[in-house]
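Source file: start-v8.pdb; contents: PDB, C-alpha atoms and all ligand atoms.
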```
MODEL        1
ATOM      1  CA  MET A   1      53.999  -3.701 -61.237
ATOM      2  CA  SER A   2      51.729  -6.680 -60.520
ATOM      3  CA  ASP A   3      48.257  -6.739 -62.126
ATOM      4  CA  ARG A   4      45.560  -5.893 -59.567
ATOM      5  CA  TYR A   5      42.414  -7.922 -58.866
ATOM      6  CA  CYS A   6      39.972  -7.945 -55.969
ATOM      7  CA  VAL A   7      36.707  -9.282 -54.602
ATOM      8  CA  PHE A   8      33.944  -6.782 -53.778
ATOM      9  CA  GLY A   9      31.425  -7.726 -51.116
ATOM     10  CA  ASN A  10      29.683  -6.507 -47.982
ATOM     11  CA  PRO A  11      30.704  -8.047 -45.694
ATOM     12  CA  VAL A  12      33.895  -9.322 -47.292
ATOM     13  CA  GLY A  13      36.382  -9.754 -44.437
ATOM     14  CA  HIS A  14      35.640 -13.487 -44.194
ATOM     15  CA  SER A  15      36.374 -14.108 -47.914
ATOM     16  CA  LYS A  16      38.788 -16.905 -48.775
ATOM     17  CA  SER A  17      39.221 -15.564 -52.327
ATOM     18  CA  PRO A  18      42.453 -13.590 -51.650
ATOM     19  CA  ALA A  19      44.088 -16.742 -50.207
ATOM     20  CA  ILE A  20      42.845 -18.890 -53.114
ATOM     21  CA  HIS A  21      44.071 -16.478 -55.816
ATOM     22  CA  ALA A  22      47.428 -16.022 -54.051
ATOM     23  CA  LEU A  23      47.883 -19.809 -54.195
ATOM     24  CA  PHE A  24      46.836 -19.869 -57.885
ATOM     25  CA  ALA A  25      49.303 -17.044 -58.689
ATOM     26  CA  ARG A  26      52.167 -18.802 -56.915
ATOM     27  CA  GLN A  27      51.382 -22.100 -58.664
ATOM     28  CA  THR A  28      51.100 -20.619 -62.182
ATOM     29  CA  GLY A  29      53.763 -17.884 -61.879
ATOM     30  CA  GLU A  30      51.206 -15.208 -62.852
ATOM     31  CA  ASP A  31      52.187 -11.803 -61.471
ATOM     32  CA  ILE A  32      49.005 -10.637 -59.746
ATOM     33  CA  VAL A  33      47.890  -9.186 -56.438
ATOM     34  CA  TYR A  34      44.355  -9.859 -55.172
ATOM     35  CA  GLU A  35      42.657  -8.192 -52.221
ATOM     36  CA  ALA A  36      39.236  -8.129 -50.526
ATOM     37  CA  LEU A  37      37.515  -4.739 -50.819
ATOM     38  CA  LEU A  38      34.491  -3.736 -48.770
ATOM     39  CA  ALA A  39      32.058  -1.772 -50.965
ATOM     40  CA  PRO A  40      29.354   0.315 -49.251
ATOM     41  CA  ARG A  41      25.901  -1.185 -49.852
ATOM     42  CA  ASP A  42      24.891   1.946 -51.794
ATOM     43  CA  GLY A  43      28.300   2.462 -53.373
ATOM     44  CA  PHE A  44      29.161  -0.633 -55.416
ATOM     45  CA  ALA A  45      29.399   1.107 -58.822
ATOM     46  CA  ASP A  46      31.583   3.913 -57.415
ATOM     47  CA  SER A  47      33.865   1.335 -55.787
ATOM     48  CA  VAL A  48      34.273  -0.479 -59.110
ATOM     49  CA  ARG A  49      35.006   2.750 -60.989
ATOM     50  CA  ALA A  50      37.617   3.783 -58.394
ATOM     51  CA  PHE A  51      39.281   0.368 -58.677
ATOM     52  CA  VAL A  52      39.380   0.618 -62.489
ATOM     53  CA  ALA A  53      40.800   4.164 -62.280
ATOM     54  CA  ALA A  54      43.529   2.854 -59.971
ATOM     55  CA  GLY A  55      44.547   0.286 -62.604
ATOM     56  CA  GLY A  56      42.442  -2.733 -61.537
ATOM     57  CA  ARG A  57      42.264  -5.470 -64.196
ATOM     58  CA  GLY A  58      39.419  -7.584 -62.833
ATOM     59  CA  ALA A  59      37.221  -8.326 -59.838
ATOM     60  CA  ASN A  60      35.074 -10.975 -58.301
ATOM     61  CA  VAL A  61      31.735  -9.977 -56.866
ATOM     62  CA  THR A  62      29.997 -11.576 -53.920
ATOM     63  CA  VAL A  63      26.926 -10.972 -51.750
ATOM     64  CA  PRO A  64      25.001  -8.688 -52.145
ATOM     65  CA  PHE A  65      26.269  -7.198 -55.436
ATOM     66  CA  LYS A  66      25.962  -9.905 -58.124
ATOM     67  CA  GLU A  67      22.777  -8.510 -59.698
ATOM     68  CA  GLU A  68      24.072  -4.931 -59.539
ATOM     69  CA  ALA A  69      27.307  -6.102 -61.174
ATOM     70  CA  PHE A  70      25.213  -7.613 -63.963
ATOM     71  CA  ARG A  71      23.554  -4.248 -64.602
ATOM     72  CA  LEU A  72      26.874  -2.357 -64.493
ATOM     73  CA  CYS A  73      28.498  -4.432 -67.253
ATOM     74  CA  THR A  74      28.872  -3.113 -70.791
ATOM     75  CA  GLN A  75      29.329  -6.698 -72.083
ATOM     76  CA  ARG A  76      28.058 -10.022 -70.671
ATOM     77  CA  SER A  77      28.981 -13.635 -71.440
ATOM     78  CA  ALA A  78      26.195 -16.010 -72.482
ATOM     79  CA  ARG A  79      26.286 -17.772 -69.106
ATOM     80  CA  ALA A  80      26.094 -14.445 -67.224
ATOM     81  CA  GLN A  81      23.184 -13.425 -69.433
ATOM     82  CA  LEU A  82      21.398 -16.680 -68.597
ATOM     83  CA  ALA A  83      22.103 -16.446 -64.863
ATOM     84  CA  GLY A  84      21.121 -12.758 -64.651
ATOM     85  CA  ALA A  85      24.027 -12.285 -62.233
ATOM     86  CA  VAL A  86      27.754 -11.626 -62.522
ATOM     87  CA  ASN A  87      30.528 -12.786 -60.178
ATOM     88  CA  THR A  88      33.535 -12.030 -62.425
ATOM     89  CA  LEU A  89      34.357  -8.636 -63.954
ATOM     90  CA  SER A  90      37.147  -7.857 -66.442
ATOM     91  CA  PHE A  91      38.227  -4.296 -67.192
ATOM     92  CA  ALA A  92      39.856  -3.346 -70.495
ATOM     93  CA  GLY A  93      39.584  -0.476 -72.977
ATOM     94  CA  GLY A  94      36.885   1.296 -70.971
ATOM     95  CA  GLU A  95      34.610  -1.773 -71.100
ATOM     96  CA  ILE A  96      33.325  -3.770 -68.131
ATOM     97  CA  ALA A  97      32.878  -7.402 -69.187
ATOM     98  CA  GLY A  98      30.816  -9.665 -66.922
ATOM     99  CA  ASP A  99      30.871 -13.428 -66.530
ATOM    100  CA  ASN A 100      29.349 -15.922 -64.102
ATOM    101  CA  THR A 101      31.595 -18.793 -63.020
ATOM    102  CA  ASP A 102      29.521 -20.054 -60.040
ATOM    103  CA  GLY A 103      27.561 -22.709 -61.928
ATOM    104  CA  ALA A 104      30.601 -23.951 -63.838
ATOM    105  CA  GLY A 105      32.450 -24.162 -60.507
ATOM    106  CA  LEU A 106      29.659 -26.221 -58.941
ATOM    107  CA  VAL A 107      29.512 -28.635 -61.863
ATOM    108  CA  ARG A 108      33.316 -29.046 -61.971
ATOM    109  CA  ASP A 109      33.307 -29.830 -58.251
ATOM    110  CA  LEU A 110      30.531 -32.404 -58.655
ATOM    111  CA  VAL A 111      31.793 -34.084 -61.811
ATOM    112  CA  PHE A 112      35.596 -33.943 -61.449
ATOM    113  CA  ASN A 113      36.381 -33.615 -57.730
ATOM    114  CA  LEU A 114      33.487 -35.680 -56.398
ATOM    115  CA  LYS A 115      33.277 -38.057 -59.389
ATOM    116  CA  THR A 116      29.513 -37.587 -59.575
ATOM    117  CA  PRO A 117      28.301 -37.605 -63.184
ATOM    118  CA  LEU A 118      25.050 -35.723 -63.718
ATOM    119  CA  ALA A 119      24.105 -37.217 -67.095
ATOM    120  CA  GLY A 120      21.043 -39.444 -66.804
ATOM    121  CA  ARG A 121      20.705 -38.738 -63.056
ATOM    122  CA  ARG A 122      17.865 -37.205 -61.073
ATOM    123  CA  ILE A 123      18.998 -33.916 -59.540
ATOM    124  CA  LEU A 124      17.219 -31.870 -56.860
ATOM    125  CA  LEU A 125      18.206 -28.222 -56.433
ATOM    126  CA  LEU A 126      16.883 -26.607 -53.250
ATOM    127  CA  GLY A 127      16.487 -22.818 -53.431
ATOM    128  CA  ALA A 128      15.694 -20.316 -56.145
ATOM    129  CA  GLY A 129      18.010 -17.407 -55.297
ATOM    130  CA  GLY A 130      21.108 -16.179 -57.099
ATOM    131  CA  ALA A 131      23.211 -19.293 -56.498
ATOM    132  CA  ALA A 132      20.475 -21.625 -57.785
ATOM    133  CA  ARG A 133      19.931 -19.416 -60.813
ATOM    134  CA  GLY A 134      23.614 -19.616 -61.756
ATOM    135  CA  ALA A 135      23.611 -23.409 -61.354
ATOM    136  CA  LEU A 136      20.645 -24.291 -63.587
ATOM    137  CA  GLY A 137      22.260 -23.751 -67.007
ATOM    138  CA  PRO A 138      25.515 -25.657 -66.287
ATOM    139  CA  ILE A 139      23.582 -28.561 -64.659
ATOM    140  CA  LEU A 140      21.199 -28.854 -67.615
ATOM    141  CA  GLU A 141      24.175 -28.824 -70.032
ATOM    142  CA  ARG A 142      25.181 -32.150 -68.441
ATOM    143  CA  GLU A 143      21.880 -33.701 -69.585
ATOM    144  CA  PRO A 144      20.383 -35.051 -66.350
ATOM    145  CA  GLU A 145      17.296 -37.266 -66.542
ATOM    146  CA  ALA A 146      15.437 -34.656 -64.495
ATOM    147  CA  LEU A 147      16.226 -31.459 -62.627
ATOM    148  CA  VAL A 148      13.709 -30.366 -59.996
ATOM    149  CA  VAL A 149      14.031 -26.932 -58.378
ATOM    150  CA  ALA A 150      12.233 -26.750 -55.041
ATOM    151  CA  ASN A 151      11.912 -23.584 -53.001
ATOM    152  CA  ARG A 152      10.207 -22.285 -49.853
ATOM    153  CA  THR A 153       8.445 -19.766 -52.098
ATOM    154  CA  ALA A 154       7.215 -22.198 -54.756
ATOM    155  CA  ASP A 155       6.421 -19.445 -57.296
ATOM    156  CA  ARG A 156      10.096 -18.484 -57.517
ATOM    157  CA  ALA A 157      11.083 -22.083 -58.301
ATOM    158  CA  GLU A 158       8.344 -22.360 -60.913
ATOM    159  CA  ASP A 159       9.412 -19.081 -62.566
ATOM    160  CA  LEU A 160      13.038 -20.191 -62.611
ATOM    161  CA  ALA A 161      12.164 -23.554 -64.157
ATOM    162  CA  LEU A 162      10.092 -21.790 -66.806
ATOM    163  CA  HIS A 163      13.025 -19.506 -67.628
ATOM    164  CA  PHE A 164      15.258 -22.544 -68.279
ATOM    165  CA  ALA A 165      12.615 -24.790 -69.881
ATOM    166  CA  GLY A 166      14.306 -24.590 -73.283
ATOM    167  CA  PHE A 167      17.542 -26.041 -71.927
ATOM    168  CA  GLY A 168      16.400 -29.404 -70.587
ATOM    169  CA  PRO A 169      13.961 -31.353 -68.389
ATOM    170  CA  VAL A 170      13.455 -28.916 -65.495
ATOM    171  CA  ARG A 171      10.461 -28.408 -63.200
ATOM    172  CA  GLY A 172       9.838 -26.106 -60.234
ATOM    173  CA  CYS A 173       7.767 -26.715 -57.073
ATOM    174  CA  GLY A 174       7.472 -26.227 -53.312
ATOM    175  CA  PHE A 175       9.092 -28.627 -50.793
ATOM    176  CA  ALA A 176       5.861 -30.512 -49.983
ATOM    177  CA  GLU A 177       5.362 -31.466 -53.632
ATOM    178  CA  LEU A 178       8.537 -33.578 -53.506
ATOM    179  CA  THR A 179       6.752 -36.330 -51.559
ATOM    180  CA  GLY A 180       7.266 -39.735 -53.145
ATOM    181  CA  GLU A 181      10.234 -38.699 -55.323
ATOM    182  CA  THR A 182      13.882 -39.802 -54.992
ATOM    183  CA  PHE A 183      17.047 -38.131 -56.246
ATOM    184  CA  ASP A 184      20.670 -39.130 -56.902
ATOM    185  CA  VAL A 185      22.087 -35.672 -56.139
ATOM    186  CA  VAL A 186      20.489 -33.189 -53.730
ATOM    187  CA  ILE A 187      22.066 -29.715 -53.792
ATOM    188  CA  ASN A 188      21.228 -27.217 -51.080
ATOM    189  CA  ALA A 189      21.389 -23.755 -52.656
ATOM    190  CA  THR A 190      19.240 -22.134 -49.971
ATOM    191  CA  SER A 191      20.753 -19.891 -47.330
ATOM    192  CA  ALA A 192      18.841 -21.822 -44.631
ATOM    193  CA  SER A 193      22.108 -23.263 -43.264
ATOM    194  CA  LEU A 194      23.212 -19.708 -42.422
ATOM    195  CA  ALA A 195      20.278 -19.523 -39.991
ATOM    196  CA  GLY A 196      21.005 -23.031 -38.688
ATOM    197  CA  GLU A 197      17.888 -24.382 -40.428
ATOM    198  CA  VAL A 198      17.222 -27.312 -42.754
ATOM    199  CA  PRO A 199      14.529 -26.885 -45.435
ATOM    200  CA  PRO A 200      11.445 -28.956 -44.472
ATOM    201  CA  LEU A 201      11.886 -31.897 -46.846
ATOM    202  CA  PRO A 202       9.674 -34.990 -47.077
ATOM    203  CA  GLU A 203      11.156 -38.375 -46.129
ATOM    204  CA  GLY A 204      12.715 -40.741 -48.659
ATOM    205  CA  LEU A 205      14.202 -38.104 -50.975
ATOM    206  CA  PHE A 206      17.694 -39.596 -51.171
ATOM    207  CA  SER A 207      18.408 -42.618 -53.394
ATOM    208  CA  PRO A 208      20.574 -45.339 -51.755
ATOM    209  CA  ASP A 209      23.854 -43.999 -53.253
ATOM    210  CA  ALA A 210      22.889 -40.314 -53.185
ATOM    211  CA  LEU A 211      25.192 -37.335 -52.779
ATOM    212  CA  ALA A 212      24.047 -34.540 -50.453
ATOM    213  CA  TYR A 213      25.776 -31.276 -51.397
ATOM    214  CA  ASP A 214      25.563 -27.992 -49.483
ATOM    215  CA  MET A 215      26.796 -24.879 -51.291
ATOM    216  CA  MET A 216      27.545 -23.464 -47.864
ATOM    217  CA  TYR A 217      30.768 -24.486 -46.148
ATOM    218  CA  GLY A 218      32.374 -24.137 -42.784
ATOM    219  CA  ARG A 219      34.203 -26.125 -40.178
ATOM    220  CA  GLY A 220      32.564 -29.549 -39.863
ATOM    221  CA  ASP A 221      29.141 -30.478 -41.241
ATOM    222  CA  THR A 222      26.676 -27.728 -42.085
ATOM    223  CA  VAL A 223      23.236 -28.334 -40.541
ATOM    224  CA  PHE A 224      22.016 -29.652 -43.909
ATOM    225  CA  LEU A 225      24.875 -32.151 -44.136
ATOM    226  CA  ALA A 226      24.441 -33.166 -40.479
ATOM    227  CA  HIS A 227      20.773 -33.857 -41.258
ATOM    228  CA  ALA A 228      21.687 -35.919 -44.349
ATOM    229  CA  ARG A 229      24.295 -37.848 -42.327
ATOM    230  CA  GLN A 230      21.635 -38.673 -39.742
ATOM    231  CA  LEU A 231      19.416 -40.028 -42.515
ATOM    232  CA  GLY A 232      22.255 -42.330 -43.594
ATOM    233  CA  VAL A 233      23.028 -40.540 -46.888
ATOM    234  CA  PRO A 234      26.332 -42.158 -47.946
ATOM    235  CA  ARG A 235      28.045 -39.221 -49.665
ATOM    236  CA  LEU A 236      28.295 -35.666 -48.317
ATOM    237  CA  ALA A 237      30.100 -32.563 -49.592
ATOM    238  CA  ASP A 238      30.155 -28.879 -48.706
ATOM    239  CA  GLY A 239      30.643 -25.905 -51.046
ATOM    240  CA  LEU A 240      34.363 -25.300 -50.506
ATOM    241  CA  GLY A 241      35.157 -27.193 -53.709
ATOM    242  CA  MET A 242      32.664 -25.014 -55.602
ATOM    243  CA  LEU A 243      34.322 -21.901 -54.191
ATOM    244  CA  VAL A 244      37.777 -22.995 -55.356
ATOM    245  CA  GLU A 245      36.491 -24.124 -58.771
ATOM    246  CA  GLN A 246      34.592 -20.878 -59.477
ATOM    247  CA  ALA A 247      37.781 -19.012 -58.521
ATOM    248  CA  ALA A 248      39.851 -21.150 -60.909
ATOM    249  CA  GLU A 249      37.376 -20.440 -63.692
ATOM    250  CA  ALA A 250      37.622 -16.681 -62.965
ATOM    251  CA  PHE A 251      41.448 -16.942 -62.956
ATOM    252  CA  PHE A 252      41.205 -18.613 -66.375
ATOM    253  CA  VAL A 253      38.908 -15.835 -67.674
ATOM    254  CA  TRP A 254      41.440 -13.203 -66.577
ATOM    255  CA  ARG A 255      44.774 -14.878 -67.269
ATOM    256  CA  GLY A 256      44.066 -17.625 -69.828
ATOM    257  CA  VAL A 257      45.739 -20.138 -67.489
ATOM    258  CA  ARG A 258      43.813 -22.835 -65.597
ATOM    259  CA  PRO A 259      45.257 -23.529 -62.139
ATOM    260  CA  ASP A 260      45.357 -27.027 -60.658
ATOM    261  CA  THR A 261      42.664 -26.823 -57.967
ATOM    262  CA  ALA A 262      43.385 -30.074 -56.070
ATOM    263  CA  PRO A 263      46.423 -28.851 -54.052
ATOM    264  CA  VAL A 264      44.676 -25.555 -53.277
ATOM    265  CA  LEU A 265      41.579 -27.365 -52.006
ATOM    266  CA  ASP A 266      43.775 -29.696 -49.931
ATOM    267  CA  GLN A 267      45.583 -26.749 -48.417
ATOM    268  CA  LEU A 268      42.333 -24.941 -47.516
ATOM    269  CA  ARG A 269      40.854 -28.090 -46.003
ATOM    270  CA  GLY A 270      44.044 -28.610 -44.016
ATOM    271  CA  ALA A 271      43.844 -25.054 -42.709
TER     272      ALA A 271
HETATM  273  P1  LIG B 301      19.790 -15.760 -52.027
HETATM  274  O1  LIG B 301      19.525 -14.827 -50.882
HETATM  275  O2  LIG B 301      19.770 -15.227 -53.416
HETATM  276  O3  LIG B 301      18.674 -16.955 -51.985
HETATM  277  C1  LIG B 301      18.355 -17.573 -50.780
HETATM  278  C2  LIG B 301      17.501 -18.814 -51.036
HETATM  279  O4  LIG B 301      17.401 -19.535 -49.811
HETATM  280  C3  LIG B 301      16.082 -18.527 -51.483
HETATM  281  O5  LIG B 301      15.672 -19.540 -52.368
HETATM  282  C4  LIG B 301      15.298 -18.583 -50.176
HETATM  283  O6  LIG B 301      13.933 -18.956 -50.337
HETATM  284  C5  LIG B 301      16.027 -19.716 -49.479
HETATM  285  N1  LIG B 301      15.917 -19.688 -48.009
HETATM  286  C6  LIG B 301      16.397 -18.736 -47.169
HETATM  287  N2  LIG B 301      16.153 -19.088 -45.888
HETATM  288  C7  LIG B 301      15.493 -20.284 -45.933
HETATM  289  C8  LIG B 301      14.961 -21.147 -44.922
HETATM  290  N3  LIG B 301      15.068 -20.851 -43.622
HETATM  291  N4  LIG B 301      14.364 -22.288 -45.321
HETATM  292  C9  LIG B 301      14.263 -22.601 -46.631
HETATM  293  N5  LIG B 301      14.729 -21.814 -47.622
HETATM  294  C10 LIG B 301      15.338 -20.660 -47.275
HETATM  295  O7  LIG B 301      21.168 -16.487 -51.673
HETATM  296  P2  LIG B 301      22.223 -17.108 -52.704
HETATM  297  O8  LIG B 301      21.460 -17.866 -53.726
HETATM  298  O9  LIG B 301      23.162 -16.062 -53.163
HETATM  299  O10 LIG B 301      23.060 -18.113 -51.756
HETATM  300  C11 LIG B 301      22.523 -19.337 -51.301
HETATM  301  C12 LIG B 301      23.585 -20.139 -50.551
HETATM  302  O11 LIG B 301      24.623 -20.540 -51.439
HETATM  303  C13 LIG B 301      24.279 -19.366 -49.429
HETATM  304  O12 LIG B 301      24.438 -20.242 -48.323
HETATM  305  C14 LIG B 301      25.625 -18.996 -50.018
HETATM  306  O13 LIG B 301      26.605 -18.877 -49.013
HETATM  307  C15 LIG B 301      25.896 -20.230 -50.907
HETATM  308  N6  LIG B 301      26.823 -19.928 -52.025
HETATM  309  C16 LIG B 301      28.000 -20.651 -52.106
HETATM  310  C17 LIG B 301      28.883 -20.447 -53.134
HETATM  311  C18 LIG B 301      30.152 -21.254 -53.181
HETATM  312  O14 LIG B 301      31.047 -20.923 -53.998
HETATM  313  N7  LIG B 301      30.282 -22.291 -52.403
HETATM  314  C19 LIG B 301      28.640 -19.445 -54.192
HETATM  315  C20 LIG B 301      27.362 -18.759 -54.047
HETATM  316  C21 LIG B 301      26.503 -19.002 -52.983
HETATM  317  P3  LIG B 301      12.770 -17.870 -50.645
HETATM  318  O15 LIG B 301      12.804 -17.645 -52.134
HETATM  319  O16 LIG B 301      11.539 -18.553 -50.210
HETATM  320  O17 LIG B 301      13.107 -16.645 -49.856
ENDMDL
END
```
Would you kindly transcribe this structure into structure tokens?
Amino acid sequence: MSDRYCVFGNPVGHSKSPAIHALFARQTGEDIVYEALLAPRDGFADSVRAFVAAGGRGANVTVPFKEEAFRLCTQRSARAQLAGAVNTLSFAGGEIAGDNTDGAGLVRDLVFNLKTPLAGRRILLLGAGGAARGALGPILEREPEALVVANRTADRAEDLALHFAGFGPVRGCGFAELTGETFDVVINATSASLAGEVPPLPEGLFSPDALAYDMMYGRGDTVFLAHARQLGVPRLADGLGMLVEQAAEAFFVWRGVRPDTAPVLDQLRGA
């Protein structure tokens, strides 16, 4: 029988993870099945336990359960511990092991797929929610010149920067305090795009060869990328690459095999 994996979310019907993992399994010859499972908002832990009892080997976790998944784990990787959130669960011997592959996925997309080194560069991360939190450690590992976290609620950005202060040159602030600064990479980790909004950013933020990156993805430009395009920002990317890379990292955690992400990303973009 194939080994069973799934993604838990609510909602989860829109998830591309089953398609991505099916492509990984076909490419690597790993015998797995992977499905999307809707967990009730007040029933995440029960859903996980039922999946384990039915023989599940691992699961991804998406909105809104990443923090609850963190609390449910009996073991946590260092990067999950740092992020305070878990998107990858492994079940074995009665243990629930938690990992967080979101930040590693983002950095792989930036550095390898988009050929955008972070070392010595000035990076701006917009947002201070779960996705931003997962990204801070892996970005700082790349030794940027500066990482600024800016958020609508400035306190949250400042707290986050304080939490990661031991890992590199990071500072938190509100959007208005960015006036007069320029950045080589601007990453939108807010959910503003979901509401069709662009964070209120001062002019002149993008350096002449900057990359504008939106963790959100969809057909065509997100509102953030459309805004950056209008400003003449030369390089734009959405979060589909991050999604595929975090999935590949989860696949590696579970199976010890790293899939080739390029053909999978091509296929998803084609679709
Ligand atoms: P959270 O709900 O944890 O955080 C939301 C963040 O967005 C907060 O910082 C919030 O600010 C800010 N925000 C919300 N609305 C606005 C607005 N109108 N203007 C400015 N800021 C706003 O969400 P996540 O961190 O989990 O997700 C963030 C985004 O990243 C989502 O679009 C999600 O789809 C995407 N994502 C993509 C992944 C991928 O693989 N591509 C993986 C994970 C996430 P405040 O603190 O002030 O409320």
A:Asn113, A:Ser15, A:Gln246, A:Thr179: which is nearest Gly218 in chain A, counting only C-alpha atoms? A:Ser15
Within 9 Å of ligand LIG 301 (chain B), which residues of chain A come that close, and what is the closest atom pair and distance in Å for each? Count all atoms listed in the file and give it as a Markdown table.
```
| residue | atom | partner | partner_atom | distance |
| --- | --- | --- | --- | --- |
| A:Thr62 | CA | B:LIG301 | C20 | 7.7 |
| A:Val63 | CA | B:LIG301 | O9 | 6.5 |
| A:Pro64 | CA | B:LIG301 | O9 | 7.7 |
| A:Lys66 | CA | B:LIG301 | O9 | 8.4 |
| A:Asp102 | CA | B:LIG301 | C19 | 5.9 |
| A:Gly103 | CA | B:LIG301 | C19 | 8.5 |
| A:Gly105 | CA | B:LIG301 | O14 | 7.4 |
| A:Leu106 | CA | B:LIG301 | O14 | 7.4 |
| A:Leu126 | CA | B:LIG301 | O5 | 7.2 |
| A:Gly127 | CA | B:LIG301 | O5 | 3.5 |
| A:Ala128 | CA | B:LIG301 | O5 | 3.9 |
| A:Gly129 | CA | B:LIG301 | O2 | 3.4 |
| A:Gly130 | CA | B:LIG301 | O8 | 3.8 |
| A:Ala131 | CA | B:LIG301 | O8 | 3.6 |
| A:Ala132 | CA | B:LIG301 | O8 | 5.6 |
| A:Arg133 | CA | B:LIG301 | O8 | 7.4 |
| A:Gly134 | CA | B:LIG301 | O8 | 8.5 |
| A:Ala150 | CA | B:LIG301 | O5 | 8.4 |
| A:Asn151 | CA | B:LIG301 | O5 | 5.6 |
| A:Arg152 | CA | B:LIG301 | O16 | 4.0 |
| A:Thr153 | CA | B:LIG301 | O16 | 3.8 |
| A:Ala154 | CA | B:LIG301 | O16 | 7.3 |
| A:Asp155 | CA | B:LIG301 | O15 | 8.4 |
| A:Arg156 | CA | B:LIG301 | O15 | 6.1 |
| A:Ala157 | CA | B:LIG301 | O15 | 7.8 |
| A:Phe175 | CA | B:LIG301 | C9 | 9.0 |
| A:Asn188 | CA | B:LIG301 | C12 | 7.5 |
| A:Ala189 | CA | B:LIG301 | O11 | 4.7 |
| A:Thr190 | CA | B:LIG301 | O4 | 3.2 |
| A:Ser191 | CA | B:LIG301 | O12 | 3.8 |
| A:Ala192 | CA | B:LIG301 | C7 | 3.9 |
| A:Ser193 | CA | B:LIG301 | O12 | 6.3 |
| A:Leu194 | CA | B:LIG301 | O12 | 6.1 |
| A:Ala195 | CA | B:LIG301 | N3 | 6.5 |
| A:Gly196 | CA | B:LIG301 | N3 | 8.0 |
| A:Glu197 | CA | B:LIG301 | N3 | 5.5 |
| A:Val198 | CA | B:LIG301 | N4 | 6.3 |
| A:Pro199 | CA | B:LIG301 | C9 | 4.5 |
| A:Pro200 | CA | B:LIG301 | C9 | 7.3 |
| A:Asp214 | CA | B:LIG301 | O11 | 7.8 |
| A:Met215 | CA | B:LIG301 | C16 | 4.5 |
| A:Met216 | CA | B:LIG301 | O12 | 4.5 |
| A:Tyr217 | CA | B:LIG301 | N7 | 6.6 |
| A:Asp238 | CA | B:LIG301 | N7 | 7.6 |
| A:Gly239 | CA | B:LIG301 | N7 | 3.9 |
| A:Leu240 | CA | B:LIG301 | N7 | 5.4 |
| A:Gly241 | CA | B:LIG301 | N7 | 7.0 |
| A:Met242 | CA | B:LIG301 | O14 | 4.7 |
| A:Leu243 | CA | B:LIG301 | O14 | 3.4 |
| A:Val244 | CA | B:LIG301 | O14 | 7.2 |
| A:Glu245 | CA | B:LIG301 | O14 | 7.9 |
| A:Gln246 | CA | B:LIG301 | O14 | 6.5 |
| A:Ala247 | CA | B:LIG301 | O14 | 8.3 |
```
Within 12 Å of (48.1, -15.0, -49.9), in the coordinates the file gives, what residues turn up when you count only C-alpha atoms, written out as a ChimeraX atom specification? /A:15-27,32-36,264,268
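Counting only C-alpha atoms, the residue from A:Val149, A:Val86, A:Leu136, A:Ala237 that sits nearest to Phe167 in chain A is A:Leu136.
Take CA of Phe8 in chain A and CA of Gln81 in chain A: the distance between them is 20.1 Å.
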Which value, in Å to one decimal, gives the distance between CA of Gly55 in chain A and CA of Phe70 in chain A? 20.9 Å
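Shortest atom-to-atom contact with Leu37 in chain A among A:Ala212, A:Ala50, A:Val223, A:Ile123: A:Ala50, counting only C-alpha atoms.
Counting from CA of Arg269 in chain A, the distance to CA of Thr116 in chain A is 20.1 Å.
Between Ala83 in chain A and the residues A:Gly29, A:Gly180, A:Gly137, A:Gly166, the shortest atom-to-atom distance, using only C-alpha atoms, involves A:Gly137.
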Polymer residues at most 9 Å from (11.2, -28.2, -63.6) by all atoms listed in the file, as a list in words: Ala146, Leu147, Val148, Val149, Ala150, Ala157, Glu158, Leu160, Ala161, Leu162, Phe164, Ala165, Gly168, Pro169, Val170, Arg171, Gly172 and Cys173 of chain A
Reference answer for the PyMOL selection byres (((chain A and resi 44) around 9) and not hetatm), as a PyMOL selection string: chain A and resi 8-9+39-43+45-49+65+68-69
Excluding range 89-91 of chain A and its own-chain neighbours fewer than 5 positions away, which residues fall within 6 Å of it when counting all atoms listed in the file? Please give them as a ChimeraX atom specification. /A:57-59,96-98
Please evaluate the PyMOL selection byres (((chain A and resi 186) around 7) and not hetatm) against the structure above and give the resulting residues as a ChimeraX atom specification. /A:123-125,183-185,187-188,211-213
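Using only C-alpha atoms for every distance, the candidate list A:Ala176, A:Ala226, A:Ala210, A:Ala135 yields A:Ala135 as the residue closest to Leu82 in chain A.
Compared by their closest atoms to Arg122 in chain A, and using all atoms listed in the file, the residues A:Val107, A:Leu205, A:Ala80, A:Val257 rank with A:Leu205 nearest.
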Could you tell me which residues the PyMOL selection byres (((chain A and resi 1) around 9) and not hetatm) returns for this structure, as number ranges by chain? A: 2-4, 31-32
